[in-house]
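A.B. asks: coords-v1.tsv (TSV, N, CA and C atoms) pasted underneath:
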```
chain	number	residue	atom	x	y	z
A	4	MET	N	-27.76	-65.39	135.60
A	4	MET	CA	-28.59	-65.05	136.73
A	4	MET	C	-29.96	-64.58	136.27
A	5	GLU	N	-29.98	-63.76	135.20
A	5	GLU	CA	-31.26	-63.26	134.70
A	5	GLU	C	-32.15	-64.41	134.23
A	6	THR	N	-31.56	-65.40	133.59
A	6	THR	CA	-32.33	-66.57	133.14
A	6	THR	C	-32.97	-67.27	134.33
A	7	LEU	N	-32.21	-67.42	135.41
A	7	LEU	CA	-32.76	-68.05	136.62
A	7	LEU	C	-33.91	-67.22	137.20
A	8	PHE	N	-33.76	-65.90	137.17
A	8	PHE	CA	-34.84	-65.03	137.69
A	8	PHE	C	-36.12	-65.26	136.91
A	9	TRP	N	-36.06	-65.18	135.58
A	9	TRP	CA	-37.27	-65.33	134.77
A	9	TRP	C	-37.84	-66.73	134.87
A	10	LYS	N	-36.98	-67.74	135.02
A	10	LYS	CA	-37.47	-69.11	135.22
A	10	LYS	C	-38.21	-69.20	136.55
A	11	ALA	N	-37.67	-68.56	137.57
A	11	ALA	CA	-38.29	-68.60	138.90
A	11	ALA	C	-39.66	-67.91	138.91
A	12	THR	N	-39.88	-66.95	138.03
A	12	THR	CA	-41.17	-66.25	138.02
A	12	THR	C	-42.30	-67.12	137.49
A	13	VAL	N	-41.98	-68.19	136.78
A	13	VAL	CA	-43.04	-69.06	136.24
A	13	VAL	C	-43.06	-70.44	136.89
A	14	ASP	N	-42.03	-70.79	137.64
A	14	ASP	CA	-42.00	-72.08	138.33
A	14	ASP	C	-42.83	-72.01	139.60
A	15	LYS	N	-42.70	-73.03	140.43
A	15	LYS	CA	-43.48	-73.07	141.67
A	15	LYS	C	-43.19	-71.84	142.53
A	16	PRO	N	-44.17	-71.37	143.27
A	16	PRO	CA	-44.01	-70.17	144.10
A	16	PRO	C	-42.90	-70.33	145.15
A	17	PHE	N	-42.24	-69.24	145.42
A	17	PHE	CA	-41.23	-69.20	146.47
A	17	PHE	C	-41.27	-67.81	147.09
A	18	SER	N	-40.68	-67.67	148.25
A	18	SER	CA	-40.72	-66.40	148.96
A	18	SER	C	-39.38	-65.70	148.92
A	19	VAL	N	-39.44	-64.38	148.82
A	19	VAL	CA	-38.25	-63.55	148.95
A	19	VAL	C	-38.58	-62.42	149.92
A	20	GLU	N	-37.57	-61.86	150.52
A	20	GLU	CA	-37.76	-60.75	151.45
A	20	GLU	C	-37.53	-59.43	150.72
A	21	TYR	N	-38.40	-58.47	150.99
A	21	TYR	CA	-38.30	-57.15	150.38
A	21	TYR	C	-38.93	-56.14	151.32
A	22	ALA	N	-38.26	-55.06	151.57
A	22	ALA	CA	-38.81	-54.00	152.42
A	22	ALA	C	-38.72	-52.69	151.65
A	23	ASN	N	-39.79	-51.91	151.67
A	23	ASN	CA	-39.77	-50.68	150.89
A	23	ASN	C	-40.38	-49.51	151.67
A	24	ASP	N	-40.13	-48.33	151.14
A	24	ASP	CA	-40.68	-47.09	151.68
A	24	ASP	C	-40.35	-46.86	153.15
A	25	MET	N	-39.11	-47.16	153.52
A	25	MET	CA	-38.66	-46.87	154.88
A	25	MET	C	-37.97	-45.51	154.86
A	26	PRO	N	-38.54	-44.50	155.52
A	26	PRO	CA	-37.92	-43.18	155.50
A	26	PRO	C	-36.50	-43.25	156.05
A	27	GLY	N	-35.59	-42.59	155.37
A	27	GLY	CA	-34.22	-42.54	155.83
A	27	GLY	C	-33.24	-42.79	154.72
A	28	SER	N	-32.01	-43.01	155.12
A	28	SER	CA	-30.93	-43.19	154.17
A	28	SER	C	-29.79	-43.90	154.87
A	29	ALA	N	-29.00	-44.60	154.11
A	29	ALA	CA	-27.79	-45.20	154.68
A	29	ALA	C	-26.68	-44.17	154.77
A	30	PHE	N	-26.95	-42.96	154.29
A	30	PHE	CA	-25.98	-41.88	154.37
A	30	PHE	C	-26.13	-41.17	155.70
A	31	SER	N	-25.01	-40.79	156.29
A	31	SER	CA	-25.08	-40.04	157.54
A	31	SER	C	-25.47	-38.60	157.24
A	32	MET	N	-25.96	-37.94	158.27
A	32	MET	CA	-26.33	-36.53	158.14
A	32	MET	C	-25.05	-35.72	158.02
A	33	SER	N	-25.07	-34.73	157.19
A	33	SER	CA	-23.91	-33.86	157.03
A	33	SER	C	-24.18	-32.55	157.75
A	34	SER	N	-23.23	-32.12	158.56
A	34	SER	CA	-23.39	-30.85	159.26
A	34	SER	C	-22.68	-29.73	158.52
A	35	THR	N	-22.01	-30.07	157.42
A	35	THR	CA	-21.32	-29.06	156.63
A	35	THR	C	-21.90	-29.03	155.22
A	36	LYS	N	-21.59	-27.96	154.50
A	36	LYS	CA	-22.06	-27.86	153.12
A	36	LYS	C	-21.36	-28.90	152.27
A	37	PHE	N	-22.04	-29.33	151.21
A	37	PHE	CA	-21.45	-30.31	150.30
A	37	PHE	C	-20.25	-29.71	149.59
A	38	ARG	N	-19.26	-30.55	149.35
A	38	ARG	CA	-18.08	-30.12	148.62
A	38	ARG	C	-18.29	-30.33	147.13
A	39	HIS	N	-17.40	-29.77	146.36
A	39	HIS	CA	-17.45	-29.98	144.91
A	39	HIS	C	-16.97	-31.39	144.60
A	40	ALA	N	-17.42	-31.93	143.48
A	40	ALA	CA	-17.13	-33.32	143.11
A	40	ALA	C	-15.64	-33.60	143.03
A	41	GLY	N	-14.81	-32.62	142.71
A	41	GLY	CA	-13.38	-32.85	142.54
A	41	GLY	C	-12.62	-32.99	143.85
A	42	GLU	N	-13.19	-32.60	144.95
A	42	GLU	CA	-12.51	-32.66	146.24
A	42	GLU	C	-12.66	-34.03	146.88
A	43	ALA	N	-11.63	-34.44	147.59
A	43	ALA	CA	-11.71	-35.70	148.33
A	43	ALA	C	-12.62	-35.49	149.52
A	44	ALA	N	-13.65	-36.30	149.63
A	44	ALA	CA	-14.59	-36.17	150.74
A	44	ALA	C	-15.32	-37.48	150.93
A	45	SER	N	-15.83	-37.68	152.11
A	45	SER	CA	-16.65	-38.86	152.33
A	45	SER	C	-17.99	-38.63	151.64
A	46	VAL	N	-18.72	-39.70	151.39
A	46	VAL	CA	-20.02	-39.57	150.74
A	46	VAL	C	-20.96	-38.71	151.58
A	47	ALA	N	-20.84	-38.77	152.89
A	47	ALA	CA	-21.70	-37.97	153.76
A	47	ALA	C	-21.55	-36.48	153.48
A	48	HIS	N	-20.39	-36.06	153.04
A	48	HIS	CA	-20.13	-34.65	152.77
A	48	HIS	C	-20.07	-34.35	151.28
A	49	SER	N	-20.57	-35.25	150.46
A	49	SER	CA	-20.52	-35.04	149.01
A	49	SER	C	-21.90	-34.71	148.46
A	50	ALA	N	-21.94	-34.27	147.23
A	50	ALA	CA	-23.21	-33.97	146.57
A	50	ALA	C	-24.01	-35.24	146.30
A	51	TRP	N	-23.38	-36.41	146.44
A	51	TRP	CA	-24.08	-37.68	146.21
A	51	TRP	C	-24.81	-38.19	147.45
A	52	ASN	N	-24.72	-37.49	148.56
A	52	ASN	CA	-25.47	-37.88	149.75
A	52	ASN	C	-26.95	-37.70	149.43
A	53	MET	N	-27.70	-38.80	149.45
A	53	MET	CA	-29.11	-38.76	149.06
A	53	MET	C	-29.95	-37.83	149.93
A	54	ARG	N	-29.47	-37.53	151.12
A	54	ARG	CA	-30.23	-36.64	152.01
A	54	ARG	C	-30.24	-35.20	151.51
A	55	GLY	N	-29.34	-34.85	150.60
A	55	GLY	CA	-29.26	-33.46	150.15
A	55	GLY	C	-29.60	-33.22	148.70
A	56	VAL	N	-29.83	-34.27	147.93
A	56	VAL	CA	-30.02	-34.13	146.48
A	56	VAL	C	-31.21	-33.23	146.15
A	57	SER	N	-32.35	-33.43	146.80
A	57	SER	CA	-33.55	-32.66	146.44
A	57	SER	C	-33.41	-31.18	146.79
A	58	ARG	N	-32.53	-30.85	147.72
A	58	ARG	CA	-32.36	-29.46	148.14
A	58	ARG	C	-31.12	-28.81	147.53
A	59	ALA	N	-30.47	-29.52	146.63
A	59	ALA	CA	-29.23	-29.02	146.03
A	59	ALA	C	-29.52	-27.89	145.05
A	60	LYS	N	-28.52	-27.07	144.82
A	60	LYS	CA	-28.62	-25.99	143.84
A	60	LYS	C	-28.99	-26.60	142.49
A	61	GLY	N	-29.95	-26.02	141.83
A	61	GLY	CA	-30.39	-26.53	140.54
A	61	GLY	C	-31.63	-27.41	140.61
A	62	SER	N	-31.99	-27.86	141.80
A	62	SER	CA	-33.18	-28.69	141.96
A	62	SER	C	-34.40	-27.82	142.26
A	63	LEU	N	-35.46	-27.98	141.49
A	63	LEU	CA	-36.69	-27.23	141.77
A	63	LEU	C	-37.31	-27.66	143.09
A	64	LEU	N	-37.01	-28.87	143.53
A	64	LEU	CA	-37.57	-29.37	144.79
A	64	LEU	C	-37.07	-28.58	145.99
A	65	ARG	N	-35.97	-27.86	145.84
A	65	ARG	CA	-35.44	-27.09	146.97
A	65	ARG	C	-36.39	-25.97	147.40
A	66	PHE	N	-37.33	-25.60	146.53
A	66	PHE	CA	-38.29	-24.54	146.86
A	66	PHE	C	-39.50	-25.06	147.63
A	67	MET	N	-39.62	-26.35	147.78
A	67	MET	CA	-40.75	-26.92	148.53
A	67	MET	C	-40.45	-26.81	150.02
A	68	LYS	N	-41.35	-26.20	150.76
A	68	LYS	CA	-41.13	-26.01	152.19
A	68	LYS	C	-41.36	-27.30	152.97
A	69	GLU	N	-42.41	-28.02	152.61
A	69	GLU	CA	-42.75	-29.25	153.33
A	69	GLU	C	-41.90	-30.41	152.82
A	70	GLU	N	-41.68	-31.35	153.72
A	70	GLU	CA	-41.00	-32.59	153.33
A	70	GLU	C	-42.03	-33.55	152.76
A	71	ILE	N	-41.69	-34.15	151.64
A	71	ILE	CA	-42.53	-35.19	151.04
A	71	ILE	C	-41.66	-36.44	150.99
A	72	PRO	N	-41.91	-37.39	151.90
A	72	PRO	CA	-41.08	-38.60	151.95
A	72	PRO	C	-41.00	-39.28	150.58
A	73	GLY	N	-39.79	-39.61	150.19
A	73	GLY	CA	-39.57	-40.26	148.90
A	73	GLY	C	-39.45	-39.29	147.74
A	74	VAL	N	-39.76	-38.02	147.98
A	74	VAL	CA	-39.61	-37.00	146.93
A	74	VAL	C	-38.55	-35.99	147.36
A	75	THR	N	-38.74	-35.36	148.52
A	75	THR	CA	-37.75	-34.40	149.01
A	75	THR	C	-36.81	-35.02	150.04
A	76	SER	N	-37.11	-36.21	150.47
A	76	SER	CA	-36.21	-36.93	151.39
A	76	SER	C	-36.13	-38.39	150.93
A	77	PRO	N	-35.01	-39.05	151.20
A	77	PRO	CA	-34.82	-40.41	150.67
A	77	PRO	C	-35.63	-41.48	151.40
A	78	MET	N	-35.82	-42.57	150.71
A	78	MET	CA	-36.44	-43.77	151.25
A	78	MET	C	-35.45	-44.92	151.09
A	79	VAL	N	-35.51	-45.87	151.99
A	79	VAL	CA	-34.64	-47.04	151.92
A	79	VAL	C	-35.45	-48.24	151.47
A	80	TYR	N	-34.86	-49.03	150.61
A	80	TYR	CA	-35.46	-50.28	150.12
A	80	TYR	C	-34.43	-51.38	150.34
A	81	LEU	N	-34.84	-52.47	150.93
A	81	LEU	CA	-33.96	-53.62	151.14
A	81	LEU	C	-34.53	-54.80	150.37
A	82	ALA	N	-33.66	-55.51	149.68
A	82	ALA	CA	-34.16	-56.61	148.86
A	82	ALA	C	-33.13	-57.74	148.83
A	83	MET	N	-33.64	-58.93	148.55
A	83	MET	CA	-32.76	-60.08	148.42
A	83	MET	C	-32.84	-60.61	146.99
A	84	LEU	N	-32.04	-61.60	146.71
A	84	LEU	CA	-32.00	-62.22	145.39
A	84	LEU	C	-33.40	-62.56	144.90
A	85	PHE	N	-33.69	-62.24	143.67
A	85	PHE	CA	-34.95	-62.51	142.97
A	85	PHE	C	-36.12	-61.66	143.45
A	86	SER	N	-35.86	-60.64	144.25
A	86	SER	CA	-36.96	-59.73	144.59
A	86	SER	C	-37.10	-58.74	143.44
A	87	TRP	N	-38.28	-58.14	143.35
A	87	TRP	CA	-38.49	-57.16	142.30
A	87	TRP	C	-39.46	-56.10	142.76
A	88	PHE	N	-39.41	-54.99	142.10
A	88	PHE	CA	-40.26	-53.85	142.41
A	88	PHE	C	-41.20	-53.68	141.23
A	89	ALA	N	-42.46	-53.43	141.49
A	89	ALA	CA	-43.47	-53.39	140.43
A	89	ALA	C	-43.18	-52.30	139.39
A	90	TRP	N	-43.60	-52.58	138.16
A	90	TRP	CA	-43.53	-51.57	137.10
A	90	TRP	C	-44.39	-50.40	137.55
A	91	HIS	N	-43.87	-49.20	137.44
A	91	HIS	CA	-44.64	-48.04	137.87
A	91	HIS	C	-44.08	-46.76	137.27
A	92	VAL	N	-44.87	-45.72	137.35
A	92	VAL	CA	-44.42	-44.38	137.00
A	92	VAL	C	-44.12	-43.69	138.32
A	93	GLU	N	-43.01	-42.97	138.39
A	93	GLU	CA	-42.62	-42.31	139.63
A	93	GLU	C	-43.65	-41.25	140.05
A	94	ASP	N	-43.69	-40.96	141.35
A	94	ASP	CA	-44.60	-39.95	141.88
A	94	ASP	C	-44.47	-38.65	141.08
A	95	HIS	N	-45.61	-38.09	140.68
A	95	HIS	CA	-45.67	-36.82	139.95
A	95	HIS	C	-44.82	-36.83	138.68
A	96	ASP	N	-44.58	-38.02	138.13
A	96	ASP	CA	-43.76	-38.18	136.92
A	96	ASP	C	-42.34	-37.65	137.08
A	97	LEU	N	-41.86	-37.60	138.32
A	97	LEU	CA	-40.49	-37.15	138.56
A	97	LEU	C	-39.50	-38.26	138.23
A	98	HIS	N	-38.24	-37.90	138.14
A	98	HIS	CA	-37.19	-38.89	137.91
A	98	HIS	C	-36.92	-39.64	139.21
A	99	SER	N	-36.22	-40.75	139.10
A	99	SER	CA	-35.84	-41.53	140.27
A	99	SER	C	-34.32	-41.58	140.34
A	100	LEU	N	-33.79	-41.58	141.53
A	100	LEU	CA	-32.35	-41.68	141.75
A	100	LEU	C	-32.12	-42.81	142.73
A	101	ASN	N	-31.26	-43.75	142.37
A	101	ASN	CA	-31.00	-44.91	143.22
A	101	ASN	C	-29.52	-45.06	143.47
A	102	TYR	N	-29.20	-45.56	144.62
A	102	TYR	CA	-27.81	-45.77	145.01
A	102	TYR	C	-27.72	-47.17	145.60
A	103	LEU	N	-26.93	-48.02	144.98
A	103	LEU	CA	-26.76	-49.39	145.47
A	103	LEU	C	-25.60	-49.41	146.46
A	104	HIS	N	-25.92	-49.62	147.73
A	104	HIS	CA	-24.89	-49.57	148.77
A	104	HIS	C	-24.05	-50.84	148.82
A	105	MET	N	-24.66	-51.98	148.57
A	105	MET	CA	-23.90	-53.23	148.62
A	105	MET	C	-24.65	-54.30	147.84
A	106	GLY	N	-23.96	-55.37	147.56
A	106	GLY	CA	-24.58	-56.49	146.85
A	106	GLY	C	-24.26	-56.46	145.37
A	107	ALA	N	-24.76	-57.47	144.69
A	107	ALA	CA	-24.54	-57.58	143.25
A	107	ALA	C	-25.28	-56.47	142.52
A	108	SER	N	-24.82	-56.17	141.33
A	108	SER	CA	-25.47	-55.12	140.55
A	108	SER	C	-26.92	-55.47	140.25
A	109	LYS	N	-27.72	-54.45	140.02
A	109	LYS	CA	-29.14	-54.63	139.73
A	109	LYS	C	-29.36	-54.49	138.23
A	110	THR	N	-30.40	-55.14	137.73
A	110	THR	CA	-30.80	-54.96	136.34
A	110	THR	C	-32.09	-54.15	136.34
A	111	TRP	N	-32.10	-53.09	135.58
A	111	TRP	CA	-33.27	-52.22	135.48
A	111	TRP	C	-33.87	-52.36	134.09
A	112	TYR	N	-35.18	-52.39	134.02
A	112	TYR	CA	-35.90	-52.40	132.75
A	112	TYR	C	-36.76	-51.15	132.71
A	113	GLY	N	-36.77	-50.48	131.59
A	113	GLY	CA	-37.58	-49.28	131.44
A	113	GLY	C	-38.42	-49.36	130.19
A	114	VAL	N	-39.54	-48.68	130.22
A	114	VAL	CA	-40.44	-48.61	129.07
A	114	VAL	C	-40.56	-47.13	128.70
A	115	PRO	N	-40.25	-46.78	127.45
A	115	PRO	CA	-40.38	-45.37	127.06
A	115	PRO	C	-41.84	-44.92	127.10
A	116	ARG	N	-42.04	-43.66	127.36
A	116	ARG	CA	-43.39	-43.10	127.49
A	116	ARG	C	-44.28	-43.46	126.31
A	117	ASP	N	-43.74	-43.39	125.08
A	117	ASP	CA	-44.58	-43.66	123.91
A	117	ASP	C	-44.93	-45.13	123.74
A	118	ALA	N	-44.35	-46.00	124.56
A	118	ALA	CA	-44.68	-47.43	124.51
A	118	ALA	C	-45.49	-47.88	125.73
A	119	ALA	N	-45.86	-46.94	126.60
A	119	ALA	CA	-46.55	-47.29	127.85
A	119	ALA	C	-47.88	-47.99	127.61
A	120	VAL	N	-48.68	-47.49	126.68
A	120	VAL	CA	-50.00	-48.10	126.43
A	120	VAL	C	-49.83	-49.52	125.89
A	121	ALA	N	-48.89	-49.71	124.97
A	121	ALA	CA	-48.64	-51.05	124.42
A	121	ALA	C	-48.14	-51.99	125.52
A	122	PHE	N	-47.28	-51.49	126.41
A	122	PHE	CA	-46.80	-52.31	127.52
A	122	PHE	C	-47.96	-52.72	128.43
A	123	GLU	N	-48.83	-51.78	128.77
A	123	GLU	CA	-49.98	-52.10	129.61
A	123	GLU	C	-50.90	-53.11	128.93
A	124	ASP	N	-51.03	-53.03	127.61
A	124	ASP	CA	-51.85	-54.01	126.88
A	124	ASP	C	-51.26	-55.41	127.02
A	125	VAL	N	-49.93	-55.53	126.90
A	125	VAL	CA	-49.27	-56.83	127.05
A	125	VAL	C	-49.49	-57.37	128.45
A	126	VAL	N	-49.33	-56.52	129.46
A	126	VAL	CA	-49.53	-56.94	130.85
A	126	VAL	C	-50.98	-57.36	131.06
A	127	ARG	N	-51.92	-56.58	130.53
A	127	ARG	CA	-53.34	-56.87	130.69
A	127	ARG	C	-53.68	-58.24	130.10
A	128	VAL	N	-53.21	-58.52	128.91
A	128	VAL	CA	-53.55	-59.76	128.21
A	128	VAL	C	-52.79	-60.96	128.76
A	129	HIS	N	-51.49	-60.80	128.99
A	129	HIS	CA	-50.66	-61.95	129.36
A	129	HIS	C	-50.39	-62.07	130.85
A	130	GLY	N	-50.64	-61.03	131.62
A	130	GLY	CA	-50.30	-61.08	133.03
A	130	GLY	C	-51.46	-61.12	133.98
A	131	TYR	N	-52.57	-60.49	133.61
A	131	TYR	CA	-53.67	-60.37	134.55
A	131	TYR	C	-55.01	-60.83	134.00
A	132	GLY	N	-54.99	-61.66	133.00
A	132	GLY	CA	-56.23	-62.21	132.47
A	132	GLY	C	-57.21	-61.17	131.96
A	133	GLY	N	-56.73	-60.12	131.35
A	133	GLY	CA	-57.60	-59.13	130.74
A	133	GLY	C	-57.84	-57.87	131.54
A	134	GLU	N	-57.39	-57.82	132.79
A	134	GLU	CA	-57.60	-56.63	133.63
A	134	GLU	C	-56.28	-56.16	134.21
A	135	ILE	N	-56.05	-54.86	134.20
A	135	ILE	CA	-54.86	-54.31	134.84
A	135	ILE	C	-55.00	-54.41	136.35
A	136	ASN	N	-56.17	-54.10	136.89
A	136	ASN	CA	-56.41	-54.16	138.32
A	136	ASN	C	-57.51	-55.20	138.59
A	137	PRO	N	-57.13	-56.47	138.80
A	137	PRO	CA	-58.14	-57.50	139.02
A	137	PRO	C	-58.92	-57.32	140.32
A	138	LEU	N	-58.46	-56.45	141.21
A	138	LEU	CA	-59.16	-56.22	142.48
A	138	LEU	C	-60.17	-55.09	142.36
A	139	GLY	N	-60.06	-54.29	141.29
A	139	GLY	CA	-60.88	-53.07	141.15
A	139	GLY	C	-62.25	-53.27	140.65
```
Any chance you could give the structure as structure tokens?
C.D. replies:
Amino acid sequence: METLFWKATVDKPFSVEYANDMPGSAFSMSSTKFRHAGEAASVAHSAWNMRGVSRAKGSLLRFMKEEIPGVTSPMVYLAMLFSWFAWHVEDHDLHSLNYLHMGASKTWYGVPRDAAVAFEDVVRVHGYGGEINPLG
């Protein structure tokens, strides 16, 4: 499947559907406190409910009074086969947490911080004709 994806990126153009940054979650709201991981519970009432992760004990984000969509509250992304999300650094250099609700597994590629400049150089030379932001 990965070979087909990379082949499709250089062959004739085609369209895929992708929706991003939709506030919300596929998890239902929990009206009770989260249970411990060892207890039998639905995901809505577990610590894995994305609606509660940023406010969980141990998270520094729990001290933020205001909601910051995508940081203190979850966002939904919908994608189909061969869709992709741009290489990027997360907001405020925070970590990212993803939950695949359905569909085939996803392949993630990461670039370590100490290789970021070299990665950008490769993209600049081979991807954008010498410029990272050709619109800028």
A.B. asks: For the atom pair atom C of A:Ala59 and atom C of A:Tyr80, what is the interatomic distance in Å to one decimal place?
C.D. replies: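 Separation between atom C of A:Ala59 and atom C of A:Tyr80: 24.6 Å.
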A.B. asks: To one decimal place, how far is atom C of A:Thr12 from atom CA of A:Pro115 in Å?
C.D. replies: 24.2 Å
A.B. asks: What separation in Å, quoted to one decimal, exists between atom CA of A:Leu63 and atom C of A:Met78?
C.D. replies: 20.0 Å
A.B. asks: Which polymer residues have any atom within 8 Å of an atom of A:Trp87, counting only N, CA and C atoms, with same-chain residues fewer than 3 positions away left out, as a VMD selection string?
C.D. replies: chain A and resid 19 to 21 82 to 84 90
A.B. asks: List as a short mmCIF file (atom, residue, chain, number, x, y, z; two decimals) with N, CA and C atoms, in the frame of the given file the protein and nucleic acid residues near A:Asn101, meaning an atom at most 12 Å away when only C-alpha atoms are counted, but skip any in the same chain fewer than 6 places from it.
C.D. replies:
```cif
data_model
loop_
_atom_site.label_atom_id
_atom_site.label_comp_id
_atom_site.auth_asym_id
_atom_site.auth_seq_id
_atom_site.Cartn_x
_atom_site.Cartn_y
_atom_site.Cartn_z
N SER A 28 -32.01 -43.01 155.12
CA SER A 28 -30.93 -43.19 154.17
C SER A 28 -29.79 -43.90 154.87
N ALA A 29 -29.00 -44.60 154.11
CA ALA A 29 -27.79 -45.20 154.68
C ALA A 29 -26.68 -44.17 154.77
N TRP A 51 -23.38 -36.41 146.44
CA TRP A 51 -24.08 -37.68 146.21
C TRP A 51 -24.81 -38.19 147.45
N ASN A 52 -24.72 -37.49 148.56
CA ASN A 52 -25.47 -37.88 149.75
C ASN A 52 -26.95 -37.70 149.43
N MET A 53 -27.70 -38.80 149.45
CA MET A 53 -29.11 -38.76 149.06
C MET A 53 -29.95 -37.83 149.93
N VAL A 56 -29.83 -34.27 147.93
CA VAL A 56 -30.02 -34.13 146.48
C VAL A 56 -31.21 -33.23 146.15
N GLY A 73 -39.79 -39.61 150.19
CA GLY A 73 -39.57 -40.26 148.90
C GLY A 73 -39.45 -39.29 147.74
N PRO A 77 -35.01 -39.05 151.20
CA PRO A 77 -34.82 -40.41 150.67
C PRO A 77 -35.63 -41.48 151.40
N MET A 78 -35.82 -42.57 150.71
CA MET A 78 -36.44 -43.77 151.25
C MET A 78 -35.45 -44.92 151.09
N VAL A 79 -35.51 -45.87 151.99
CA VAL A 79 -34.64 -47.04 151.92
C VAL A 79 -35.45 -48.24 151.47
N TYR A 80 -34.86 -49.03 150.61
CA TYR A 80 -35.46 -50.28 150.12
C TYR A 80 -34.43 -51.38 150.34
N SER A 108 -24.82 -56.17 141.33
CA SER A 108 -25.47 -55.12 140.55
C SER A 108 -26.92 -55.47 140.25
N LYS A 109 -27.72 -54.45 140.02
CA LYS A 109 -29.14 -54.63 139.73
C LYS A 109 -29.36 -54.49 138.23
N TRP A 111 -32.10 -53.09 135.58
CA TRP A 111 -33.27 -52.22 135.48
C TRP A 111 -33.87 -52.36 134.09
#
```
A.B. asks: Please return as a PDB file with N, CA and C atoms, in the frame of the given file: the residues of chain A that backbone DSSP assigns to strand (DSSP E or B).
C.D. replies:
```pdb
ATOM      1  N   TYR A  21     -38.400 -58.470 150.990  1.00  0.00           N
ATOM      2  CA  TYR A  21     -38.300 -57.150 150.380  1.00  0.00           C
ATOM      3  C   TYR A  21     -38.930 -56.140 151.320  1.00  0.00           C
ATOM      4  N   ALA A  22     -38.260 -55.060 151.570  1.00  0.00           N
ATOM      5  CA  ALA A  22     -38.810 -54.000 152.420  1.00  0.00           C
ATOM      6  C   ALA A  22     -38.720 -52.690 151.650  1.00  0.00           C
ATOM      7  N   ASN A  23     -39.790 -51.910 151.670  1.00  0.00           N
ATOM      8  CA  ASN A  23     -39.770 -50.680 150.890  1.00  0.00           C
ATOM      9  C   ASN A  23     -40.380 -49.510 151.670  1.00  0.00           C
ATOM     10  N   ASP A  24     -40.130 -48.330 151.140  1.00  0.00           N
ATOM     11  CA  ASP A  24     -40.680 -47.090 151.680  1.00  0.00           C
ATOM     12  C   ASP A  24     -40.350 -46.860 153.150  1.00  0.00           C
ATOM     13  N   MET A  25     -39.110 -47.160 153.520  1.00  0.00           N
ATOM     14  CA  MET A  25     -38.660 -46.870 154.880  1.00  0.00           C
ATOM     15  C   MET A  25     -37.970 -45.510 154.860  1.00  0.00           C
ATOM     16  N   PRO A  26     -38.540 -44.500 155.520  1.00  0.00           N
ATOM     17  CA  PRO A  26     -37.920 -43.180 155.500  1.00  0.00           C
ATOM     18  C   PRO A  26     -36.500 -43.250 156.050  1.00  0.00           C
ATOM     19  N   PRO A  72     -41.910 -37.390 151.900  1.00  0.00           N
ATOM     20  CA  PRO A  72     -41.080 -38.600 151.950  1.00  0.00           C
ATOM     21  C   PRO A  72     -41.000 -39.280 150.580  1.00  0.00           C
ATOM     22  N   SER A  76     -37.110 -36.210 150.470  1.00  0.00           N
ATOM     23  CA  SER A  76     -36.210 -36.930 151.390  1.00  0.00           C
ATOM     24  C   SER A  76     -36.130 -38.390 150.930  1.00  0.00           C
ATOM     25  N   MET A  78     -35.820 -42.570 150.710  1.00  0.00           N
ATOM     26  CA  MET A  78     -36.440 -43.770 151.250  1.00  0.00           C
ATOM     27  C   MET A  78     -35.450 -44.920 151.090  1.00  0.00           C
ATOM     28  N   VAL A  79     -35.510 -45.870 151.990  1.00  0.00           N
ATOM     29  CA  VAL A  79     -34.640 -47.040 151.920  1.00  0.00           C
ATOM     30  C   VAL A  79     -35.450 -48.240 151.470  1.00  0.00           C
ATOM     31  N   TYR A  80     -34.860 -49.030 150.610  1.00  0.00           N
ATOM     32  CA  TYR A  80     -35.460 -50.280 150.120  1.00  0.00           C
ATOM     33  C   TYR A  80     -34.430 -51.380 150.340  1.00  0.00           C
ATOM     34  N   LEU A  81     -34.840 -52.470 150.930  1.00  0.00           N
ATOM     35  CA  LEU A  81     -33.960 -53.620 151.140  1.00  0.00           C
ATOM     36  C   LEU A  81     -34.530 -54.800 150.370  1.00  0.00           C
ATOM     37  N   ALA A  82     -33.660 -55.510 149.680  1.00  0.00           N
ATOM     38  CA  ALA A  82     -34.160 -56.610 148.860  1.00  0.00           C
ATOM     39  C   ALA A  82     -33.130 -57.740 148.830  1.00  0.00           C
TER      40      ALA A  82
END
```
A.B. asks: When you count only C-alpha atoms, which of these residues is closest to A:Thr6: A:Leu100, A:Gly113, A:Gly106, A:Phe85?
C.D. replies: A:Phe85
